[in-house]
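**Student:** Take a look at the following structure, please.
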Amino acid sequence: MRFRGPLIGLTPGIRAGGSLAPDGAPSALIAVPYSATRIDVFWTNGSTNEDSFNIYGSTDGVNFSVYDTAVAGSTSQNMTGLTAGTNYWFYVTAVKDIESVPSNTVSSYTLPSELTDGHTLLWIPYEDDSLYTLSGNDILELTDKFGSGRKFVGGTVKPVKTINGIELLTLNAEMIAIFNFSAIYTLYLVLQPMRYRAGATLMTLSAGGGISYRDDANNRYRYLNGAAGSFQNADNSALGDVSVFMCGCKKDTTTGFFQIDEGAADTGYVGLTDLKSIAFKASGDPSSNSGFRIKEIILRDQYEYGTVALTNLYNYCVKKK
């Protein structure tokens, strides 16, 4: 059944040409990623006499068709059977003899299949409230979405949970995860700089990698190269509003990569024998300390440079920008 436009000039529920319209329309539609093949949609039911709901879907935001239906009184539906790593758009109508005006249109996306392929050791999407242990807005602990027991713990000065991300803005705010696993890894991050301070370190890995701001006037990034023992200037790394970082190390500990957004990878030794910790910190001095938000953390036990997995997970991370 296709939406034919609003019933202008009709009293809700009155027959038009022999058809009874719903006496209201769905509103406040939202869509939430659930898995590689499922997105959950939620709405406010604005009618009292509907027989059902039509959930329309699209992969281009232009051409819509009925993806699913829901029974009268519903306010949500699990949209299943979708394609992994794909953007979708949805709207909902109430149905009596004819359809109501549509709800607002929303977009969402399915997760890349790599997130659930058994090689993800740690996954923290910042917007998942179930992952936080808080004192007020201060983050005491931030746990792995997969329930592995791996977690980040807030330091003496705690990071803060906001609707826009995990903020490390106050001087010496810190968040550390401690664990042990084989040195083969790829780490994906989505970071949003908030306060630039040349030379400030934002993240360090016990395996020898890290991220800092560059000591130049262009507000760019550097990465910590374990072989050189110091931070190296990262090419193609102009400081944007939000950036996606990827770094990894092979098991032989002689090859690694560090890449920012779609810039060229800086290859070098960015890992030692084991990755035992990841630490984020707002460093500097009280008058000009650095600051940033974390929007996504994904840690994988695969070296994924040059693979489809890297592309798929990068594209997923870009959705958080």
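Residue names in the structure tokens use chain letters A, B, ... in the order shown, residue numbers from 1 in each chain, and ligand numbers from 1 in the order shown.
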List every residue of range 80-259 of chain A that DSSP, applied to the backbone of this structure, assigns to strand (DSSP E or B), and report them as a ChimeraX atom specification.

**Tutor:** /A:87-95,99,106-109,120-125,132-135,138-143,151-154,157,160-162,165-168,173-182,185-195,201-205,210-213,220-225,230-238,243-249,256-259

**Student:** As a ChimeraX atom specification, please: every residue in range 84-274 of chain A that a backbone DSSP assignment puts in helix (DSSP H, G or I).

**Tutor:** /A:113-116,129-131

**Student:** What lies within 8 Å of range 43-57 of chain A using only C-alpha atoms, ignoring chain neighbours under 3 positions off, as a PyMOL selection string?

**Tutor:** chain A and resi 13+22-30+64-76+88-96

**Student:** Considering only C-alpha atoms, can you say which of A:Ser290, A:Gln192, A:Leu299, A:Asn312 comes closest to Asp144 in chain A?

**Tutor:**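 That would be A:Leu299, the residue with the smallest distance to Asp144 in chain A.
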
**Student:** List the spatial neighbours of Cys317 in chain A as a ChimeraX atom specification - criterion: any atom at most 12 Å away, only C-alpha atoms, same-chain residues fewer than 5 positions off excluded.

**Tutor:** /A:85,109,111-112,115,123-126,187-191,242-246,260-262,294-298,310-312

**Student:** Which of these, A:Pro33, A:Gly209, A:Gly136, A:Pro286, has the shortest distance to Tyr223 in chain A once you count only C-alpha atoms?

**Tutor:**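 Closest to Tyr223 in chain A of all the choices is A:Gly209.
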
**Student:** Applying 9 Å and only C-alpha atoms, which residues near Lys281 in chain A remain after dropping the ones on its own chain fewer than 4 positions away? List them as a list in words.

**Tutor:**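 Everything that qualifies: Pro159, Leu168, Leu169, Leu171, Asn172, Ala173, Glu174, Met175, Ile176, Thr201, Leu202, Met203, Thr204, Ser290 and Gly291 of chain A.
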
**Student:** Next, write the just-selected residues to a file, as a short mmCIF file (atom, residue, chain, number, x, y, z; two decimals), in the first residue's frame, keeping N, CA, C and O atoms as the atom set.

**Tutor:**
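Result went into again_9.cif, see below:
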data_model
loop_
_atom_site.label_atom_id
_atom_site.label_comp_id
_atom_site.auth_asym_id
_atom_site.auth_seq_id
_atom_site.Cartn_x
_atom_site.Cartn_y
_atom_site.Cartn_z
N PRO A 159 37.01 11.03 33.05
CA PRO A 159 36.37 11.55 31.84
C PRO A 159 34.88 11.72 32.09
O PRO A 159 34.34 11.20 33.07
N LEU A 168 37.37 14.04 27.46
CA LEU A 168 38.56 14.21 28.28
C LEU A 168 39.05 15.62 28.03
O LEU A 168 39.77 15.89 27.08
N LEU A 169 38.60 16.53 28.88
CA LEU A 169 38.85 17.95 28.67
C LEU A 169 39.55 18.58 29.86
O LEU A 169 40.42 19.42 29.72
N LEU A 171 42.13 19.03 32.82
CA LEU A 171 43.55 18.68 32.92
C LEU A 171 43.71 17.37 33.70
O LEU A 171 43.16 17.19 34.78
N ASN A 172 44.48 16.45 33.10
CA ASN A 172 44.82 15.15 33.69
C ASN A 172 43.65 14.18 33.75
O ASN A 172 43.74 13.15 34.42
N ALA A 173 42.55 14.47 33.08
CA ALA A 173 41.50 13.46 32.95
C ALA A 173 42.08 12.26 32.22
O ALA A 173 42.80 12.40 31.23
N GLU A 174 41.76 11.05 32.70
CA GLU A 174 42.42 9.86 32.16
C GLU A 174 41.46 8.68 32.14
O GLU A 174 40.56 8.57 32.97
N MET A 175 41.66 7.78 31.18
CA MET A 175 40.88 6.56 31.06
C MET A 175 41.80 5.47 30.52
O MET A 175 42.43 5.64 29.47
N ILE A 176 41.92 4.35 31.23
CA ILE A 176 42.89 3.30 30.90
C ILE A 176 42.21 1.94 30.85
O ILE A 176 41.40 1.60 31.72
N THR A 201 50.00 14.68 24.26
CA THR A 201 49.71 13.28 23.95
C THR A 201 48.25 12.97 24.29
O THR A 201 47.79 13.27 25.39
N LEU A 202 47.54 12.38 23.35
CA LEU A 202 46.14 12.04 23.55
C LEU A 202 45.94 10.57 23.92
O LEU A 202 45.07 10.23 24.70
N MET A 203 46.74 9.69 23.31
CA MET A 203 46.60 8.26 23.56
C MET A 203 47.97 7.60 23.52
O MET A 203 48.82 7.96 22.71
N THR A 204 48.18 6.61 24.38
CA THR A 204 49.39 5.78 24.33
C THR A 204 48.99 4.32 24.43
O THR A 204 48.02 3.96 25.08
N SER A 290 45.24 20.03 26.59
CA SER A 290 44.57 19.48 25.42
C SER A 290 43.21 18.92 25.82
O SER A 290 42.91 18.73 27.01
N GLY A 291 42.37 18.63 24.86
CA GLY A 291 41.08 18.03 25.13
C GLY A 291 40.49 17.41 23.89
O GLY A 291 40.75 17.85 22.77
#

**Student:** Point out the residue among A:Ser113, A:Leu20, A:Ser212, A:Ser35 with the least atom-to-atom distance to Asp97 in chain A, counting only C-alpha atoms.

**Tutor:**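 Closest to Asp97 in chain A, using only C-alpha atoms: A:Leu20.
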